[in-house]
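Here's run-v6.csv, which has CSV, C-alpha atoms:
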chain,number,residue,atom,x,y,z
A,26,MET,CA,-12.5,17.9,-7.6
A,27,MET,CA,-16.1,18.8,-6.8
A,28,ALA,CA,-17.7,21.0,-9.5
A,29,SER,CA,-19.2,24.4,-8.6
A,30,PRO,CA,-22.4,25.9,-10.2
A,31,TYR,CA,-21.8,27.5,-13.5
A,32,ILE,CA,-22.2,31.3,-13.1
A,33,GLY,CA,-21.4,33.2,-16.3
A,34,ALA,CA,-18.8,32.2,-18.8
A,35,VAL,CA,-15.7,33.6,-17.4
A,36,LEU,CA,-13.3,31.3,-15.6
A,37,VAL,CA,-10.1,33.2,-15.6
A,38,VAL,CA,-10.3,37.0,-15.0
A,39,ILE,CA,-7.9,39.8,-14.5
A,40,VAL,CA,-8.4,40.9,-11.0
A,41,LEU,CA,-6.6,44.2,-11.5
A,42,ALA,CA,-7.5,45.8,-8.2
A,43,GLY,CA,-6.8,42.6,-6.2
A,44,LEU,CA,-3.4,42.3,-8.0
A,45,SER,CA,-3.8,38.5,-8.0
A,46,PHE,CA,-1.7,38.1,-11.2
A,47,ALA,CA,-4.3,35.7,-12.6
A,48,SER,CA,-3.5,36.8,-16.1
A,49,PRO,CA,-1.7,36.0,-18.2
A,50,VAL,CA,-0.1,33.2,-16.1
A,51,ASN,CA,-0.2,32.1,-12.5
A,52,ARG,CA,1.2,28.6,-12.7
A,53,ALA,CA,4.2,27.0,-14.4
A,54,PRO,CA,3.7,24.0,-16.6
A,55,THR,CA,3.1,20.7,-15.0
A,56,PRO,CA,4.8,17.4,-16.1
A,57,ASP,CA,1.8,16.6,-18.3
A,58,GLY,CA,2.3,19.8,-20.2
A,59,GLY,CA,-0.6,21.9,-18.7
A,60,MET,CA,-0.4,25.4,-17.4
A,61,SER,CA,-2.6,28.3,-16.5
A,62,ALA,CA,-4.2,30.1,-19.3
A,63,PRO,CA,-2.3,33.1,-20.8
A,64,CYS,CA,-5.5,34.8,-21.7
A,65,VAL,CA,-9.0,35.4,-20.4
A,66,SER,CA,-11.1,32.3,-20.6
A,67,GLY,CA,-14.7,31.9,-21.9
A,68,PRO,CA,-16.9,29.6,-24.0
A,69,LEU,CA,-15.3,28.2,-27.2
A,70,GLY,CA,-18.4,27.7,-29.2
A,71,MET,CA,-20.4,24.5,-28.4
A,72,GLU,CA,-23.5,26.6,-27.4
A,73,SER,CA,-23.0,29.4,-29.9
A,74,GLY,CA,-22.4,27.1,-32.9
A,75,ALA,CA,-18.9,28.4,-33.5
A,76,ILE,CA,-17.8,24.8,-33.2
A,77,LYS,CA,-19.4,23.1,-36.2
A,78,ASP,CA,-21.4,19.9,-36.1
A,79,SER,CA,-18.7,18.1,-38.1
A,80,SER,CA,-16.2,19.0,-35.3
A,81,ILE,CA,-18.2,17.0,-32.7
A,82,THR,CA,-17.8,13.2,-33.0
A,83,ALA,CA,-18.5,10.3,-30.7
A,84,SER,CA,-17.6,6.6,-30.4
A,85,SER,CA,-21.2,5.7,-30.1
A,86,SER,CA,-24.5,7.6,-30.5
A,87,ARG,CA,-28.2,6.9,-30.7
A,88,SER,CA,-29.5,8.0,-34.0
A,89,SER,CA,-32.1,10.2,-32.4
A,90,HIS,CA,-29.5,11.9,-30.2
A,91,PRO,CA,-26.2,12.3,-32.2
A,92,ALA,CA,-23.0,13.8,-31.0
A,93,SER,CA,-23.9,17.2,-32.3
A,94,ASP,CA,-26.7,17.3,-29.7
A,95,ALA,CA,-24.1,17.7,-27.0
A,96,ARG,CA,-24.2,21.4,-27.3
A,97,LEU,CA,-24.8,23.2,-24.0
A,98,ASN,CA,-28.4,24.4,-23.5
A,99,THR,CA,-29.7,23.2,-26.8
A,100,GLY,CA,-32.4,20.7,-27.4
A,101,TYR,CA,-34.0,18.7,-24.6
A,102,VAL,CA,-31.8,15.6,-24.2
A,103,GLY,CA,-28.2,15.9,-25.5
A,104,TRP,CA,-25.8,13.3,-26.7
A,105,THR,CA,-26.9,9.8,-25.7
A,106,PRO,CA,-24.6,6.8,-26.5
A,107,ARG,CA,-26.0,3.4,-27.6
A,108,ASN,CA,-23.7,1.7,-25.1
A,109,PRO,CA,-23.3,3.6,-21.8
A,110,PHE,CA,-19.8,2.1,-21.0
A,111,ASN,CA,-16.4,3.4,-22.2
A,112,GLN,CA,-17.8,6.0,-24.6
A,113,TRP,CA,-15.9,9.1,-25.7
A,114,ILE,CA,-17.3,12.3,-27.3
A,115,LYS,CA,-14.6,14.4,-29.0
A,116,VAL,CA,-14.4,18.0,-30.0
A,117,ALA,CA,-12.0,19.4,-32.6
A,118,LEU,CA,-11.2,22.9,-31.5
A,119,GLY,CA,-9.9,24.1,-34.8
A,120,SER,CA,-6.6,25.6,-33.6
A,121,HIS,CA,-4.4,25.6,-30.5
A,122,VAL,CA,-6.3,27.1,-27.6
A,123,ALA,CA,-5.8,27.2,-23.9
A,124,VAL,CA,-8.5,24.9,-22.5
A,125,THR,CA,-9.5,25.7,-18.9
A,126,GLY,CA,-12.5,23.6,-18.2
A,127,VAL,CA,-16.0,22.5,-19.3
A,128,VAL,CA,-19.6,23.2,-18.4
A,129,ILE,CA,-21.6,19.9,-18.0
A,130,GLN,CA,-25.4,19.7,-18.2
A,131,GLY,CA,-27.6,16.7,-17.8
A,132,HIS,CA,-30.9,15.6,-19.3
A,133,GLY,CA,-33.2,18.5,-18.5
A,134,ASN,CA,-36.3,17.9,-16.3
A,135,GLY,CA,-37.3,21.2,-14.8
A,136,ASP,CA,-34.5,22.8,-13.0
A,137,THR,CA,-32.7,19.7,-11.7
A,138,GLY,CA,-32.3,17.2,-14.4
A,139,TYR,CA,-32.8,13.5,-13.7
A,140,ARG,CA,-30.5,11.7,-16.1
A,141,TYR,CA,-27.0,13.0,-15.9
A,142,VAL,CA,-23.4,12.1,-15.6
A,143,THR,CA,-22.1,12.2,-12.0
A,144,ALA,CA,-18.4,11.7,-12.9
A,145,PHE,CA,-16.3,11.9,-16.1
A,146,LYS,CA,-12.8,11.8,-17.5
A,147,ALA,CA,-11.3,14.4,-19.9
A,148,GLN,CA,-8.3,14.1,-22.2
A,149,TYR,CA,-6.6,16.4,-24.7
A,150,ARG,CA,-4.1,16.2,-27.5
A,151,VAL,CA,-2.2,18.9,-29.3
A,152,SER,CA,-2.4,17.4,-32.8
A,153,HIS,CA,-4.2,14.7,-34.8
A,154,GLU,CA,-1.0,12.5,-34.6
A,155,SER,CA,-0.2,13.0,-30.9
A,156,ASP,CA,-1.3,10.8,-28.0
A,157,TRP,CA,-4.2,11.6,-25.8
A,158,GLN,CA,-3.2,13.0,-22.4
A,159,ASP,CA,-5.3,12.9,-19.2
A,160,LEU,CA,-6.6,16.1,-17.6
A,161,ARG,CA,-6.6,16.0,-13.8
A,162,ASN,CA,-8.6,17.4,-11.0
A,163,ALA,CA,-7.2,19.4,-8.1
A,164,ASP,CA,-6.2,16.3,-6.2
A,165,GLY,CA,-4.3,14.9,-9.2
A,166,GLY,CA,-7.0,12.3,-10.0
A,167,LYS,CA,-8.6,11.6,-13.4
A,168,LEU,CA,-12.2,11.8,-12.3
A,169,PHE,CA,-14.2,15.1,-12.3
A,170,ARG,CA,-17.4,14.8,-10.2
A,171,VAL,CA,-20.8,16.4,-10.9
A,172,SER,CA,-23.5,16.8,-8.3
A,173,SER,CA,-26.6,17.7,-10.4
A,174,GLY,CA,-28.0,17.8,-13.9
A,175,ARG,CA,-27.9,21.6,-14.0
A,176,PRO,CA,-25.2,23.4,-16.0
A,177,THR,CA,-22.2,22.8,-13.8
A,178,ASN,CA,-18.8,24.5,-14.1
A,179,VAL,CA,-15.9,22.1,-13.9
A,180,THR,CA,-12.4,23.7,-13.9
A,181,PHE,CA,-9.3,21.7,-14.8
A,182,SER,CA,-6.5,22.1,-12.2
A,183,VAL,CA,-4.3,23.5,-15.0
A,184,ALA,CA,-5.1,24.9,-18.4
A,185,THR,CA,-3.5,23.2,-21.4
A,186,MET,CA,-2.7,24.1,-25.0
A,187,ALA,CA,-4.8,21.7,-27.1
A,188,ARG,CA,-6.5,21.2,-30.5
A,189,TYR,CA,-8.7,18.4,-29.4
A,190,LEU,CA,-10.7,17.6,-26.2
A,191,ARG,CA,-12.7,14.5,-25.4
A,192,VAL,CA,-14.9,13.6,-22.5
A,193,GLN,CA,-15.8,10.1,-21.2
A,194,PRO,CA,-18.8,9.6,-18.9
A,195,TRP,CA,-17.7,7.4,-16.0
A,196,SER,CA,-20.7,7.2,-13.7
A,197,TYR,CA,-24.3,8.4,-14.0
A,198,THR,CA,-27.7,8.5,-12.2
A,199,GLU,CA,-29.4,6.1,-14.6
A,200,GLU,CA,-29.4,4.8,-18.1
A,201,PRO,CA,-29.7,6.1,-20.7
A,202,TYR,CA,-27.7,9.1,-19.5
A,203,SER,CA,-27.3,12.2,-21.6
A,204,VAL,CA,-24.6,14.8,-21.9
A,205,ARG,CA,-24.5,18.5,-23.0
A,206,PHE,CA,-21.5,20.6,-22.5
A,207,GLU,CA,-19.5,23.7,-23.3
A,208,VAL,CA,-15.7,23.8,-23.7
A,209,LEU,CA,-14.1,26.7,-21.9
A,210,GLY,CA,-10.8,28.3,-22.8
A,211,CYS,CA,-9.3,31.1,-24.9
A,212,GLN,CA,-7.4,31.8,-28.1
A,213,VAL,CA,-3.8,32.6,-27.3
A,214,SER,CA,-2.6,35.8,-29.0
A,215,ASP,CA,0.7,36.1,-30.9
A,216,GLY,CA,3.5,37.1,-28.5
A,217,SER,CA,1.8,35.9,-25.3
A,218,LEU,CA,4.3,34.8,-22.7
A,219,TRP,CA,4.6,32.7,-19.6
A,220,PHE,CA,7.3,31.9,-17.1
A,221,VAL,CA,8.2,28.2,-16.8
A,222,ASP,CA,9.8,26.1,-14.0
A,223,GLY,CA,10.5,29.0,-11.7
A,224,ASP,CA,10.6,29.1,-7.9
A,225,ASP,CA,7.2,30.8,-8.0
A,226,ALA,CA,4.6,32.2,-10.4
A,227,LEU,CA,6.7,35.3,-11.1
A,228,SER,CA,10.0,33.7,-12.1
A,229,GLY,CA,11.4,31.1,-14.5
A,230,ARG,CA,12.3,30.5,-18.1
A,231,VAL,CA,10.6,32.9,-20.5
A,232,GLU,CA,8.5,31.3,-23.3
A,233,ILE,CA,6.7,33.1,-26.1
A,234,TYR,CA,3.8,31.9,-28.2
A,235,HIS,CA,4.5,32.1,-32.0
A,236,GLN,CA,1.1,32.1,-33.7
A,237,ALA,CA,2.4,31.4,-37.2
A,238,THR,CA,3.7,28.0,-36.1
A,239,SER,CA,1.3,27.4,-33.1
A,240,THR,CA,4.5,27.0,-31.1
A,241,TRP,CA,5.7,28.0,-27.6
A,242,GLY,CA,9.4,28.8,-27.8
A,243,ALA,CA,12.2,30.0,-25.6
A,244,VAL,CA,14.2,33.2,-25.7
A,245,CYS,CA,18.0,32.9,-26.4
A,246,SER,CA,20.1,34.5,-23.6
A,247,ASP,CA,22.4,36.2,-26.1
A,248,GLY,CA,22.1,39.9,-25.1
A,249,TRP,CA,19.4,39.2,-22.5
A,250,ASP,CA,19.6,41.7,-19.6
A,251,LEU,CA,17.5,43.4,-17.0
A,252,SER,CA,16.0,45.9,-19.4
A,253,ASP,CA,14.6,43.0,-21.5
A,254,ALA,CA,13.4,41.1,-18.4
A,255,ASN,CA,11.6,44.2,-17.2
A,256,ILE,CA,9.5,44.4,-20.4
A,257,ALA,CA,8.6,40.7,-19.9
A,258,CYS,CA,7.6,41.3,-16.3
A,259,ARG,CA,5.5,44.4,-17.3
A,260,GLN,CA,3.8,42.4,-20.0
A,261,HIS,CA,2.9,39.8,-17.5
A,262,HIS,CA,1.3,42.5,-15.3
A,263,ARG,CA,1.7,46.2,-15.4
A,264,PHE,CA,2.5,46.4,-11.7
A,265,LEU,CA,5.6,44.1,-12.0
A,266,GLU,CA,9.3,44.9,-12.4
A,267,ALA,CA,12.3,42.7,-13.0
A,268,VAL,CA,14.8,42.0,-10.2
A,269,GLN,CA,16.8,39.4,-12.1
A,270,ALA,CA,17.7,38.4,-15.6
A,271,GLY,CA,19.5,35.1,-15.9
A,272,GLU,CA,20.0,32.0,-18.1
A,273,ILE,CA,19.8,28.3,-18.0
A,274,SER,CA,20.6,25.4,-20.4
A,275,ALA,CA,18.4,25.5,-23.5
A,276,GLY,CA,17.4,21.9,-23.4
A,277,THR,CA,15.5,20.3,-26.3
A,278,ASP,CA,11.8,20.8,-25.3
A,279,HIS,CA,11.1,24.0,-27.2
A,280,PRO,CA,12.6,25.9,-30.1
A,281,ILE,CA,14.2,29.3,-29.9
A,282,VAL,CA,11.8,31.9,-31.1
A,283,MET,CA,13.7,35.1,-30.2
A,284,ASN,CA,17.4,35.9,-30.2
A,285,GLY,CA,19.4,39.0,-29.5
A,286,VAL,CA,16.6,40.8,-27.8
A,287,ALA,CA,17.4,44.5,-27.3
A,288,CYS,CA,14.5,46.3,-25.6
A,289,LYS,CA,14.6,50.1,-25.3
A,290,GLY,CA,12.4,50.1,-22.2
A,291,THR,CA,9.3,51.7,-23.8
A,292,GLU,CA,7.8,48.6,-25.3
A,293,ASN,CA,4.5,47.1,-24.1
A,294,ARG,CA,5.4,43.5,-25.1
A,295,LEU,CA,8.6,41.5,-25.5
A,296,ILE,CA,7.9,40.9,-29.2
A,297,ASP,CA,7.7,44.6,-29.7
A,298,CYS,CA,11.4,44.8,-28.8
A,299,PRO,CA,14.1,44.6,-31.5
A,300,PHE,CA,15.6,41.1,-32.0
A,301,ILE,CA,17.4,39.2,-34.7
A,302,CYS,CA,14.9,38.5,-37.5
A,303,THR,CA,15.7,35.0,-38.9
A,304,GLU,CA,13.3,32.1,-39.6
A,305,PHE,CA,15.3,29.9,-37.3
A,306,GLN,CA,16.7,31.7,-34.2
A,307,GLN,CA,20.2,30.3,-33.7
A,308,CYS,CA,21.2,30.6,-30.1
A,309,ASN,CA,25.0,30.8,-30.0
A,310,SER,CA,25.3,30.3,-26.2
A,311,SER,CA,23.0,27.2,-26.0
A,312,ARG,CA,21.4,29.0,-23.1
A,313,VAL,CA,17.9,30.5,-22.7
A,314,ALA,CA,16.6,33.5,-20.9
A,315,THR,CA,15.2,33.4,-17.4
A,316,LEU,CA,13.9,36.2,-15.1
A,317,ALA,CA,12.4,37.0,-11.7
A,318,CYS,CA,9.8,39.6,-11.2
A,319,ARG,CA,8.4,41.4,-8.1
A,320,THR,CA,5.6,43.8,-7.4
A,321,LYS,CA,6.6,47.4,-7.8
A,322,MET,CA,7.0,49.4,-4.7
A,323,ASN,CA,4.1,51.7,-3.9
A,324,THR,CA,1.7,49.7,-6.0
A,325,VAL,CA,-1.9,50.0,-4.8
A,326,ARG,CA,-4.6,47.3,-4.7
A,327,LEU,CA,-8.2,47.1,-3.5
A,328,VAL,CA,-9.2,44.2,-1.2
A,329,GLY,CA,-12.5,43.0,0.2
A,330,GLY,CA,-14.9,44.8,-2.2
A,331,SER,CA,-17.7,43.1,-4.1
A,332,ASN,CA,-16.0,43.8,-7.4
A,333,ASN,CA,-12.6,45.1,-8.7
A,334,SER,CA,-13.7,48.7,-8.4
A,335,SER,CA,-14.1,48.9,-4.7
A,336,GLY,CA,-12.3,47.7,-1.5
A,337,ARG,CA,-9.9,48.4,1.2
A,338,VAL,CA,-6.9,50.4,-0.1
A,339,GLU,CA,-3.6,48.6,0.4
A,340,ILE,CA,-0.1,49.7,-0.7
A,341,TYR,CA,3.0,47.6,-1.3
A,342,ARG,CA,6.0,48.9,0.8
A,343,LYS,CA,9.0,47.2,2.4
A,344,ASP,CA,8.1,44.0,0.5
A,345,THR,CA,4.8,43.9,2.4
A,346,TRP,CA,1.2,44.8,1.6
A,347,GLY,CA,-0.3,47.2,4.2
A,348,SER,CA,-3.4,49.3,4.7
A,349,ILE,CA,-3.9,53.1,5.0
A,350,CYS,CA,-5.2,54.9,8.1
A,351,ASP,CA,-8.4,56.9,7.5
A,352,ASN,CA,-7.2,60.0,9.3
A,353,GLY,CA,-7.9,62.8,6.9
A,354,TRP,CA,-9.0,60.3,4.2
A,355,ASP,CA,-11.2,62.1,1.6
A,356,MET,CA,-12.3,62.2,-2.0
A,357,ASN,CA,-9.1,63.7,-3.2
A,358,ASP,CA,-7.1,60.8,-1.8
A,359,ALA,CA,-9.7,58.3,-3.3
A,360,ALA,CA,-9.5,59.9,-6.7
A,361,VAL,CA,-5.7,59.4,-6.9
A,362,VAL,CA,-6.1,55.7,-6.0
A,363,CYS,CA,-8.8,55.1,-8.5
A,364,ARG,CA,-7.0,56.9,-11.4
A,365,PHE,CA,-3.9,54.9,-10.6
A,366,LEU,CA,-5.9,51.7,-11.0
A,367,GLY,CA,-7.3,52.7,-14.3
A,368,PHE,CA,-10.7,54.1,-13.3
A,369,SER,CA,-12.0,57.5,-14.4
A,370,GLY,CA,-12.4,58.7,-10.8
A,371,ALA,CA,-13.8,58.0,-7.3
A,372,GLN,CA,-17.4,57.7,-6.2
A,373,ALA,CA,-16.7,57.5,-2.5
A,374,ALA,CA,-14.0,57.6,0.1
A,375,LYS,CA,-14.7,55.0,2.9
A,376,SER,CA,-13.4,54.9,6.4
A,377,GLY,CA,-13.7,52.8,9.6
A,378,ALA,CA,-12.7,49.5,7.9
A,379,TYR,CA,-15.8,49.7,5.7
A,380,PHE,CA,-14.4,46.8,3.6
A,381,GLY,CA,-13.1,44.8,6.5
A,382,GLU,CA,-9.9,45.0,8.5
A,383,GLY,CA,-6.5,44.3,7.0
A,384,SER,CA,-3.9,42.1,8.6
A,385,GLY,CA,-0.5,43.6,7.7
A,386,PRO,CA,1.1,46.9,8.8
A,387,VAL,CA,-0.6,50.3,8.4
A,388,HIS,CA,1.8,51.9,5.9
A,389,MET,CA,0.4,55.4,5.6
A,390,ASP,CA,-1.4,57.9,8.0
A,391,GLY,CA,-2.7,61.4,7.5
A,392,VAL,CA,-2.7,61.2,3.7
A,393,ALA,CA,-3.4,64.6,2.2
A,394,CYS,CA,-3.6,64.4,-1.6
A,395,THR,CA,-4.6,67.4,-3.6
A,396,GLY,CA,-6.2,65.1,-6.2
A,397,ALA,CA,-3.7,66.0,-8.9
A,398,GLU,CA,-1.1,63.4,-8.0
A,399,ASP,CA,-0.4,60.5,-10.3
A,400,THR,CA,0.2,58.0,-7.5
A,401,LEU,CA,-0.4,57.7,-3.8
A,402,ARG,CA,3.3,57.8,-3.1
A,403,ASP,CA,3.3,61.4,-4.4
A,404,CYS,CA,0.8,62.5,-1.7
A,405,PRO,CA,1.9,64.2,1.5
A,406,SER,CA,1.4,62.0,4.7
A,407,ALA,CA,2.7,61.6,8.2
A,408,CYS,CA,6.2,60.3,7.3
A,409,TRP,CA,8.5,60.4,10.3
A,410,GLU,CA,6.5,58.4,12.8
A,411,GLU,CA,4.9,54.9,12.6
A,412,SER,CA,1.2,55.1,12.3
A,413,GLN,CA,-0.7,54.6,15.6
A,414,CYS,CA,-3.9,53.5,13.8
A,415,SER,CA,-5.5,50.1,14.3
A,416,HIS,CA,-7.0,48.2,11.4
A,417,SER,CA,-10.4,49.4,12.6
A,418,GLN,CA,-9.5,52.7,10.8
A,419,ASP,CA,-8.5,51.1,7.4
A,420,ALA,CA,-9.4,53.4,4.5
A,421,GLY,CA,-11.3,52.2,1.4
A,422,VAL,CA,-12.7,53.6,-1.9
A,423,ILE,CA,-15.4,53.0,-4.4
A,424,CYS,CA,-14.2,53.9,-7.9
A,425,GLN,CA,-16.2,54.9,-10.9
A,426,ASP,CA,-16.4,51.7,-12.9
As C-alpha cells, what does this structure read like?
Amino acid sequence: MMASPYIGAVLVVIVLAGLSFASPVNRAPTPDGGMSAPCVSGPLGMESGAIKDSSITASSSRSSHPASDARLNTGYVGWTPRNPFNQWIKVALGSHVAVTGVVIQGHGNGDTGYRYVTAFKAQYRVSHESDWQDLRNADGGKLFRVSSGRPTNVTFSVATMARYLRVQPWSYTEEPYSVRFEVLGCQVSDGSLWFVDGDDALSGRVEIYHQATSTWGAVCSDGWDLSDANIACRQHHRFLEAVQAGEISAGTDHPIVMNGVACKGTENRLIDCPFICTEFQQCNSSRVATLACRTKMNTVRLVGGSNNSSGRVEIYRKDTWGSICDNGWDMNDAAVVCRFLGFSGAQAAKSGAYFGEGSGPVHMDGVACTGAEDTLRDCPSACWEESQCSHSQDAGVICQD
C-alpha cells in the first residue's frame, strides 16, 4: 500500500452529506480480528505527549536517540537503533483503542528528509499476554511503503482494537536511519456498535462495546425484533432503518452483553433501550441477534462539493439515488435540504449541474417548497409525469456551515 501525504490528523470522518456510512463502521471484521473504526480517528498522543515516555520502548536504541525521540515532529533526528536490522519500537496505548494507521516521518533535512524508512511492518496485540498480530496493507501484504522523509500518512487496510502497537523498519535510504511517528486511532465509547459477518456493511451480527470490561459482545436474540434492530440501524447512521431482524448461532467468540432488549422506538442508542440487567447475560436460546439496514426512502445527500456542506442534491427513491431538476429551484428549496442535513440554512441554490452531472435517474422536477417543510418529500413537485430534465440541469446547494 503506497502511503499518501499526511494532511491533517483525521483519517476517518463522518461524511454526512455524502451519506458514505464511514462512521461508525463500514467493514465487518476480517479473519485477523481487524475492522473499521467505530469512531472518528485522530492522533493518539505521540506528538502531544499524551503517550508518556515510559510507554515507548524499543528493542535497540542509540543512547543519544532513545525510543522516546520517536515522537512525530519533535527533535531533529528521531529514534535511531544501534543495529538497523530486525528492530521493533513499541507503544503502549494505555487502553483498548481502535488503531487506524500511523504517520511516519524520517530524519529531517529541510523539507524532504534524507535518512528515512522506505518500508516497515506493523503489529498489534490486545493485551500484554496475547500474541502479536500482523497489520496488513490494502493488498494483504505485511509491508507498508513510504516514498519520502516527510510526515507521511499510512492507513491500515482495517482498523483494529488494540492496547499495544509496534513498528519494525524493513528498508531505508541509508544507515543510520531514524524514525518519528504518530499513532492514529480513536477511543471507543461505551455502547458503540458494529455489524459483523454480514452480506454487506449494513448487515450482520450486532456487537456492542462494553467499556467496563473492554469487551465487544453480542446481543442475545431473546426478544429481539424489528423495533430493536431499527434503533441499532439508526445508531449506525441516522438515515438508516431496519428491514430485517434475525438470529444466528451464538458461537463462542464473544460474550453476551445484552439480553431481553425491549426498545420503545425513541432511543438514540441500543444501550439506551431496556434490557435484562445482570452481570452475566444468560442467553436462553443460544442464538444472537442479527439485522439488515437500508437507507431510508427520501433521504437526501450532497455529492460533488468541496466539503460536506455543498454539492449536487440527490434523493433516495425506488432503491436508487437520483438527482433533482433545477426547474423552479430556489432558496426555499435549498433551505429545506440544508436544514434536513443538519445545517442552519442555505447560502445559495445552484442550477445547471454546478457541482457536476449525476448518473442516476432524475427523481424530482419543478420542486416548489415554501421553506417551512421538514423534508424535501413534503414539498410540492411535478408528480404524475417522469421528469424530462437531463443531468445538465441537476440542482445543487451551498449550506451555511
* Using all atoms listed in the file, can you list as a PyMOL selection string the residues within 9 Å of (10.1, 40.7, -14.4)? -> chain A and resi 227-228+251+253-261+265-270+316-320
Produce a file of the selected residues containing C-alpha atoms, as a compact mmCIF listing (two decimals), keeping the file's coordinate frame.
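Final output, part.txt:
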# COMPACT_ATOMS: atom_id res chain seq x y z
CA LEU A 227 6.70 35.30 -11.10
CA SER A 228 10.00 33.70 -12.10
CA LEU A 251 17.50 43.40 -17.00
CA ASP A 253 14.60 43.00 -21.50
CA ALA A 254 13.40 41.10 -18.40
CA ASN A 255 11.60 44.20 -17.20
CA ILE A 256 9.50 44.40 -20.40
CA ALA A 257 8.60 40.70 -19.90
CA CYS A 258 7.60 41.30 -16.30
CA ARG A 259 5.50 44.40 -17.30
CA GLN A 260 3.80 42.40 -20.00
CA HIS A 261 2.90 39.80 -17.50
CA LEU A 265 5.60 44.10 -12.00
CA GLU A 266 9.30 44.90 -12.40
CA ALA A 267 12.30 42.70 -13.00
CA VAL A 268 14.80 42.00 -10.20
CA GLN A 269 16.80 39.40 -12.10
CA ALA A 270 17.70 38.40 -15.60
CA LEU A 316 13.90 36.20 -15.10
CA ALA A 317 12.40 37.00 -11.70
CA CYS A 318 9.80 39.60 -11.20
CA ARG A 319 8.40 41.40 -8.10
CA THR A 320 5.60 43.80 -7.40
* **Long-range neighbours of segment 212-216 of chain A as a VMD selection string, 12 Å cut-off, all atoms listed in the file, 2 positions minimum in chain** => chain A and resid 48 to 50 61 to 70 118 to 125 184 to 188 209 to 210 218 to 219 231 to 244 257 260 to 261 282 to 283 293 to 298
Identify the residues within 8 Å of coordinate (-7.8, 51.1, -1.5) (same frame as the file), considering all atoms listed in the file, and give the answer as a tab-separated table (two decimals) with C-alpha atoms, in the coordinates of the input.
chain	number	residue	atom	x	y	z
A	325	VAL	CA	-1.90	50.00	-4.80
A	326	ARG	CA	-4.60	47.30	-4.70
A	327	LEU	CA	-8.20	47.10	-3.50
A	328	VAL	CA	-9.20	44.20	-1.20
A	335	SER	CA	-14.10	48.90	-4.70
A	336	GLY	CA	-12.30	47.70	-1.50
A	337	ARG	CA	-9.90	48.40	1.20
A	338	VAL	CA	-6.90	50.40	-0.10
A	339	GLU	CA	-3.60	48.60	0.40
A	340	ILE	CA	-0.10	49.70	-0.70
A	348	SER	CA	-3.40	49.30	4.70
A	349	ILE	CA	-3.90	53.10	5.00
A	359	ALA	CA	-9.70	58.30	-3.30
A	362	VAL	CA	-6.10	55.70	-6.00
A	420	ALA	CA	-9.40	53.40	4.50
A	421	GLY	CA	-11.30	52.20	1.40
A	422	VAL	CA	-12.70	53.60	-1.90
* To do: Could you give me, as number ranges by chain, the residues within 10 Å of Tyr149 of chain A, counting all atoms listed in the file and dropping anything in the same chain fewer than 2 positions from it?
  => A: 115-116, 124, 147, 151-152, 155-160, 185-192
* Asked: Quick one: of A:Leu401, A:Ile281, A:Leu366, A:Ala378, who's nearest to Val313 of chain A, counting all atoms listed in the file?
  -> A:Ile281
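Taking atom CA of Asn111 of chain A and atom CA of Thr180 of chain A as endpoints, the distance between them is 22.3 Å.
If you look at atom CA of Thr315 of chain A and atom CA of Ile273 of chain A, they are 6.9 Å away from each other.
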* Who sits within 6 Å of segment 299-309 of chain A, all atoms listed in the file, same chain under 6 positions skipped, as a VMD selection string -> chain A and resid 245 281 to 282 284 to 287
Would you export the selected residues with C-alpha atoms as a compact mmCIF listing (two decimals), in the frame of the given file, please?
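Listed below is the output, part_22.txt:
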# COMPACT_ATOMS: atom_id res chain seq x y z
CA CYS A 245 18.00 32.90 -26.40
CA ILE A 281 14.20 29.30 -29.90
CA VAL A 282 11.80 31.90 -31.10
CA ASN A 284 17.40 35.90 -30.20
CA GLY A 285 19.40 39.00 -29.50
CA VAL A 286 16.60 40.80 -27.80
CA ALA A 287 17.40 44.50 -27.30
* Which neighbours of segment 389-395 of chain A fall inside 7 Å, counting all atoms listed in the file, when residues of the same chain fewer than 2 positions from it are skipped, and could you give them as a ChimeraX atom specification? -> /A:349-350,352-354,357-358,387,397-398,404-407,412
Regenerate segment 263-272 of chain A at the level of N, CA and C atoms and dump it as a compact mmCIF listing (two decimals), keeping the file's coordinate frame.
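And here's out-v4.txt as it stands now:
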# COMPACT_ATOMS: atom_id res chain seq x y z
N ARG A 263 1.14 44.87 -15.33
CA ARG A 263 1.70 46.20 -15.40
C ARG A 263 2.29 46.70 -14.08
N PHE A 264 2.00 46.02 -12.97
CA PHE A 264 2.50 46.40 -11.70
C PHE A 264 3.74 45.58 -11.27
N LEU A 265 4.40 44.94 -12.25
CA LEU A 265 5.60 44.10 -12.00
C LEU A 265 6.83 44.82 -12.51
N GLU A 266 7.97 44.49 -11.90
CA GLU A 266 9.30 44.90 -12.40
C GLU A 266 10.24 43.76 -12.23
N ALA A 267 11.30 43.77 -13.03
CA ALA A 267 12.30 42.70 -13.00
C ALA A 267 13.33 42.96 -11.91
N VAL A 268 13.69 41.92 -11.20
CA VAL A 268 14.80 42.00 -10.20
C VAL A 268 15.96 41.13 -10.62
N GLN A 269 15.76 40.29 -11.64
CA GLN A 269 16.80 39.40 -12.10
C GLN A 269 16.64 39.00 -13.52
N ALA A 270 17.73 38.97 -14.27
CA ALA A 270 17.70 38.40 -15.60
C ALA A 270 18.84 37.39 -15.67
N GLY A 271 18.50 36.15 -15.98
CA GLY A 271 19.50 35.10 -15.90
C GLY A 271 19.39 34.17 -17.15
N GLU A 272 19.97 32.99 -17.03
CA GLU A 272 20.00 32.00 -18.10
C GLU A 272 20.12 30.62 -17.56
